[in-house]
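As stored in work-v2.cif (mmCIF, C-alpha atoms):
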```cif
data_upload
loop_
_atom_site.group_PDB
_atom_site.id
_atom_site.type_symbol
_atom_site.label_atom_id
_atom_site.label_comp_id
_atom_site.auth_asym_id
_atom_site.auth_seq_id
_atom_site.Cartn_x
_atom_site.Cartn_y
_atom_site.Cartn_z
ATOM 1 C CA MET V 4 137.398 47.016 122.815
ATOM 2 C CA ALA V 5 134.419 44.700 122.384
ATOM 3 C CA SER V 6 132.686 46.437 125.282
ATOM 4 C CA GLU V 7 133.152 49.837 123.632
ATOM 5 C CA SER V 8 131.891 48.473 120.316
ATOM 6 C CA GLY V 9 128.807 47.054 122.047
ATOM 7 C CA LYS V 10 128.070 50.421 123.660
ATOM 8 C CA ARG V 11 128.294 52.187 120.293
ATOM 9 C CA LEU V 12 126.003 49.585 118.713
ATOM 10 C CA ARG V 13 123.401 49.989 121.498
ATOM 11 C CA ALA V 14 123.583 53.774 121.178
ATOM 12 C CA ARG V 15 123.069 53.547 117.434
ATOM 13 C CA MET V 16 120.123 51.167 117.827
ATOM 14 C CA ASP V 17 118.553 53.518 120.387
ATOM 15 C CA ASN V 18 119.028 56.366 117.924
ATOM 16 C CA LEU V 19 117.099 54.393 115.283
ATOM 17 C CA ARG V 20 114.116 54.317 117.648
ATOM 18 C CA SER V 21 113.871 58.110 117.765
ATOM 19 C CA PRO V 22 110.889 59.756 116.063
ATOM 20 C CA GLU V 23 113.237 61.524 113.634
ATOM 21 C CA ALA V 24 114.864 58.272 112.535
ATOM 22 C CA GLN V 25 111.500 56.518 112.253
ATOM 23 C CA THR V 26 110.216 59.423 110.137
ATOM 24 C CA VAL V 27 113.132 59.010 107.740
ATOM 25 C CA VAL V 28 112.574 55.250 107.493
ATOM 26 C CA LEU V 29 108.821 55.639 106.915
ATOM 27 C CA ASN V 30 109.351 58.271 104.215
ATOM 28 C CA LEU V 31 111.881 56.005 102.470
ATOM 29 C CA ARG V 32 109.506 53.048 102.712
ATOM 30 C CA GLY V 33 106.706 55.176 101.275
ATOM 31 C CA VAL V 34 108.779 56.328 98.299
ATOM 32 C CA SER V 35 109.890 52.763 97.697
ATOM 33 C CA ALA V 36 106.262 51.591 97.817
ATOM 34 C CA MET V 37 105.237 54.303 95.320
ATOM 35 C CA ASN V 38 108.020 53.186 92.998
ATOM 36 C CA ARG V 39 106.553 49.659 93.186
ATOM 37 C CA ASN V 40 103.059 51.107 92.456
ATOM 38 C CA ASP V 41 101.869 50.125 95.940
ATOM 39 C CA VAL V 42 99.919 53.325 96.546
ATOM 40 C CA ARG V 43 98.072 52.093 99.635
ATOM 41 C CA SER V 44 101.280 51.174 101.488
ATOM 42 C CA ALA V 45 102.897 54.438 100.440
ATOM 43 C CA GLN V 46 99.961 56.454 101.765
ATOM 44 C CA GLU V 47 100.098 54.595 105.088
ATOM 45 C CA ASP V 48 103.863 55.078 105.438
ATOM 46 C CA PHE V 49 103.657 58.772 104.524
ATOM 47 C CA ALA V 50 100.766 59.301 106.961
ATOM 48 C CA GLN V 51 102.689 57.631 109.809
ATOM 49 C CA ALA V 52 105.802 59.695 109.047
ATOM 50 C CA TYR V 53 103.718 62.885 109.089
ATOM 51 C CA LYS V 54 102.140 61.911 112.423
ATOM 52 C CA LEU V 55 105.567 61.319 113.954
ATOM 53 C CA ASN V 56 107.035 64.575 112.657
ATOM 54 C CA PRO V 57 104.579 67.017 111.047
ATOM 55 C CA ASN V 58 107.315 69.643 110.653
ATOM 56 C CA ASN V 59 109.647 67.427 108.603
ATOM 57 C CA ALA V 60 110.127 68.809 105.083
ATOM 58 C CA PHE V 61 110.069 65.354 103.484
ATOM 59 C CA SER V 62 106.873 64.393 105.342
ATOM 60 C CA LEU V 63 105.192 67.626 104.269
ATOM 61 C CA ASN V 64 106.283 67.182 100.655
ATOM 62 C CA ASN V 65 105.053 63.582 100.631
ATOM 63 C CA GLN V 66 101.692 64.649 102.067
ATOM 64 C CA GLY V 67 101.459 67.186 99.246
ATOM 65 C CA PHE V 68 102.258 64.459 96.728
ATOM 66 C CA ILE V 69 99.490 62.218 98.111
ATOM 67 C CA ALA V 70 96.974 65.105 98.161
ATOM 68 C CA GLU V 71 97.875 65.931 94.556
ATOM 69 C CA MET V 72 97.444 62.281 93.556
ATOM 70 C CA ASN V 73 94.011 62.273 95.190
ATOM 71 C CA GLY V 74 92.982 65.398 93.261
ATOM 72 C CA ASP V 75 93.016 67.770 96.249
ATOM 73 C CA LEU V 76 95.168 70.442 94.623
ATOM 74 C CA GLU V 77 94.557 73.166 97.210
ATOM 75 C CA THR V 78 95.743 70.925 100.044
ATOM 76 C CA ALA V 79 98.721 69.778 97.960
ATOM 77 C CA GLN V 80 99.663 73.398 97.336
ATOM 78 C CA ASP V 81 99.562 74.136 101.077
ATOM 79 C CA PHE V 82 101.747 71.122 101.907
ATOM 80 C CA TYR V 83 104.294 72.028 99.209
ATOM 81 C CA ARG V 84 104.505 75.592 100.509
ATOM 82 C CA GLU V 85 105.049 74.342 104.057
ATOM 83 C CA ALA V 86 107.699 71.868 102.876
ATOM 84 C CA GLN V 87 109.686 74.705 101.299
ATOM 85 C CA LYS V 88 109.929 76.468 104.673
ATOM 86 C CA ALA V 89 110.275 73.454 106.984
ATOM 87 C CA GLY V 90 113.397 72.274 108.707
ATOM 88 C CA GLY V 91 115.430 70.013 106.478
ATOM 89 C CA ALA V 92 114.229 71.634 103.264
ATOM 90 C CA GLY V 93 117.823 72.248 102.219
ATOM 91 C CA VAL V 94 118.704 68.544 102.234
ATOM 92 C CA ARG V 95 119.223 66.869 98.885
ATOM 93 C CA VAL V 96 116.655 64.260 97.867
ATOM 94 C CA GLY V 97 118.176 60.786 97.840
ATOM 95 C CA LEU V 98 115.277 58.590 96.719
ATOM 96 C CA ALA V 99 112.256 59.991 94.891
ATOM 97 C CA THR V 100 109.271 58.893 92.847
ATOM 98 C CA ARG V 101 110.635 60.995 89.966
ATOM 99 C CA GLN V 102 114.203 60.292 88.967
ATOM 100 C CA ASP V 103 114.797 63.936 87.975
ATOM 101 C CA ALA V 104 114.162 64.998 91.612
ATOM 102 C CA GLU V 105 116.997 62.902 93.028
ATOM 103 C CA GLY V 106 119.999 64.958 94.103
ATOM 104 C CA ILE V 107 118.072 68.250 94.116
ATOM 105 C CA ARG V 108 117.433 70.153 97.342
ATOM 106 C CA LEU V 109 113.977 69.442 98.729
ATOM 107 C CA TYR V 110 112.858 73.083 98.723
ATOM 108 C CA SER V 111 113.490 73.176 94.956
ATOM 109 C CA VAL V 112 111.489 69.995 94.416
ATOM 110 C CA ALA V 113 108.628 71.319 96.578
ATOM 111 C CA ASN V 114 108.776 74.676 94.787
ATOM 112 C CA GLY V 115 108.508 72.991 91.383
ATOM 113 C CA SER V 116 105.615 70.811 92.544
ATOM 114 C CA GLU V 117 103.839 73.819 94.051
ATOM 115 C CA ALA V 118 104.266 75.746 90.791
ATOM 116 C CA GLU V 119 102.782 72.855 88.791
ATOM 117 C CA VAL V 120 99.812 72.596 91.153
ATOM 118 C CA SER V 121 99.289 76.379 91.055
ATOM 119 C CA GLY V 122 99.270 76.243 87.263
ATOM 120 C CA ALA V 123 96.714 73.441 87.273
ATOM 121 C CA LEU V 124 94.506 75.346 89.735
ATOM 122 C CA GLU V 125 94.707 78.498 87.596
ATOM 123 C CA ALA V 126 93.879 76.549 84.440
ATOM 124 C CA ALA V 127 90.847 74.960 86.114
ATOM 125 C CA SER V 128 89.717 78.354 87.391
ATOM 126 C CA GLU V 129 90.079 79.910 83.939
ATOM 127 C CA ALA V 130 88.134 77.032 82.376
ATOM 128 C CA ARG V 131 85.278 77.651 84.830
ATOM 129 C CA ARG V 132 85.294 81.371 83.980
ATOM 130 C CA GLN V 133 85.185 80.634 80.262
ATOM 131 C CA LYS V 134 82.226 78.314 80.640
ATOM 132 C CA ALA V 135 79.264 80.136 79.084
ATOM 133 C CA ALA V 136 76.566 78.067 80.744
ATOM 134 C CA PRO V 137 74.204 79.918 83.050
ATOM 135 C CA ILE V 138 74.651 79.472 86.756
ATOM 136 C CA GLN V 139 72.505 76.650 88.084
ATOM 137 C CA LEU V 140 71.482 76.753 91.719
ATOM 138 C CA LYS V 141 71.616 73.380 93.427
ATOM 139 C CA ARG V 142 70.380 72.060 96.714
ATOM 140 C CA ARG V 143 72.766 70.431 99.155
ATOM 141 C CA ASP V 144 71.796 67.012 97.828
ATOM 142 C CA GLY V 145 72.856 68.078 94.308
ATOM 143 C CA THR V 146 69.398 68.396 92.759
ATOM 144 C CA PRO V 147 68.828 71.572 90.747
ATOM 145 C CA VAL V 148 66.563 74.280 92.091
ATOM 146 C CA THR V 149 63.670 74.929 89.718
ATOM 147 C CA GLU V 150 61.792 78.202 89.557
ATOM 148 C CA PRO V 151 58.215 77.855 90.848
ATOM 149 C CA THR V 152 55.498 78.924 88.382
ATOM 150 C CA THR V 153 53.593 80.881 91.014
ATOM 151 C CA PRO V 154 55.111 82.331 94.111
ATOM 152 C CA PRO V 155 54.163 80.531 97.303
ATOM 153 C CA THR V 156 51.630 82.253 99.471
ATOM 154 C CA THR V 157 51.862 82.860 103.165
ATOM 155 C CA PRO V 158 48.942 82.792 105.598
ATOM 156 C CA GLN V 159 49.027 86.597 105.827
ATOM 157 C CA GLN V 160 48.586 86.882 102.047
ATOM 158 C CA THR V 161 45.463 84.676 101.967
ATOM 159 C CA ALA V 162 43.629 86.044 105.040
ATOM 160 C CA PRO V 163 41.108 88.821 104.416
ATOM 161 C CA PRO V 164 42.260 92.201 105.635
ATOM 162 C CA THR V 165 40.994 93.113 109.059
ATOM 163 C CA VAL V 166 38.945 96.272 109.393
ATOM 164 C CA ALA V 167 39.378 98.326 112.492
ATOM 165 C CA PRO V 168 36.123 99.140 114.348
ATOM 166 C CA PRO V 169 34.988 102.765 114.216
ATOM 167 C CA PRO V 170 36.260 104.925 117.053
ATOM 168 C CA PRO V 171 33.876 105.429 119.975
ATOM 169 C CA SER V 172 31.617 108.415 119.770
ATOM 170 C CA THR V 173 32.763 111.419 121.707
ATOM 171 C CA VAL V 174 29.298 113.025 121.845
ATOM 172 C CA PRO V 175 28.117 113.616 125.483
ATOM 173 C CA GLN V 176 24.873 112.005 126.462
#
```

As structure tokens - that is how I would like this structure written.
Amino acid sequence: MASESGKRLRARMDNLRSPEAQTVVLNLRGVSAMNRNDVRSAQEDFAQAYKLNPNNAFSLNNQGFIAEMNGDLETAQDFYREAQKAGGAGVRVGLATRQDAEGIRLYSVANGSEAEVSGALEAASEARRQKAAPIQLKRRDGTPVTEPTTPPTTPQQTAPPTVAPPPPSTVPQ
């Protein structure tokens, strides 16, 4: 009996070393770190979980959360959309950074987050459209382009026109 119990324990420990199990642990550690306001640790845990299993719905959703926190709403939107379709999206959320997300299926949480991000992107886009300021051209370094007072000249514009020599005479001699 002890031998059988030892075999089951070894099998379970080996199972905890699988990429899937490590992904779950890293995602849980990341959520726990976020709940302790340890953003740096959470980002590291979420990034490691995503590297281990980039098709995991929880990893995708957490990457979207981090992108949203960092202000990259387009990337967050993409991650949330992928999380809705990924394997495991139908699993209920056990531990979350928002208490209202716990117990809800992950695809619903990702859908709600994606909708919020889409709304924020649309609001920002509308605010840019409403802005009445004229368009300002800028160089790659961020400095504004100013209109020159006189157009620049090219060497062809400053050279005197060339005159073709008269054609040779066709009169016989």

Taken to one decimal, the atom CA of V:Ala70-atom CA of V:Ile138 distance is 28.9 Å

Between V:Ala99, V:Ala136, V:Ala24, V:Ala60, which one has atoms that come closest to V:Ala113, using only C-alpha atoms?
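Under the stated criterion, the closest residue is V:Ala60.
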
Name the residues captured by the PyMOL selection byres ((chain V and resi 71) around 12) when it is applied to the shown file; answer as a list in words.
Asn64, Asn65, Gln66, Gly67, Phe68, Ile69, Ala70, Met72, Asn73, Gly74, Asp75, Leu76, Glu77, Thr78, Ala79, Gln80, Asp81, Phe82, Tyr83, Ser116, Glu117, Glu119, Val120, Ser121, Ala123 and Leu124 of chain V

Applying the PyMOL selection byres ((chain V and resi 51) around 12) to the file I just gave you, which residues come out? Please list them as an MDAnalysis selection string.
chainID V and resid 22:23 25:33 44:50 52:57 62:63 65:66

In Å, with one decimal, what is the gap from atom CA of V:Asn38 to atom CA of V:Thr100?
5.8 Å

Would you compute the distance between atom CA of V:Gly106 and atom CA of V:Ala86? Give it in Å to one decimal.
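Computing it gives 16.6 Å between the two atoms.
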
Report, as JSON, the centre and edge lengths in Å (one decimal) of the axis-aligned box enclosing every listed atom of stretch 94-113 of chain V, padded by 6 Å on each side.
```
{"center_x": 114.3, "center_y": 65.9, "center_z": 95.1, "size_x": 23.4, "size_y": 26.6, "size_z": 26.3}
```

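Protein and nucleic acid residues near (114.1, 68.9, 101.9) are V:Ala60, V:Phe61, V:Gly91, V:Ala92, V:Gly93, V:Val94, V:Arg108, V:Leu109, V:Tyr110, the criterion being any atom at most 6 Å away using all atoms listed in the file.
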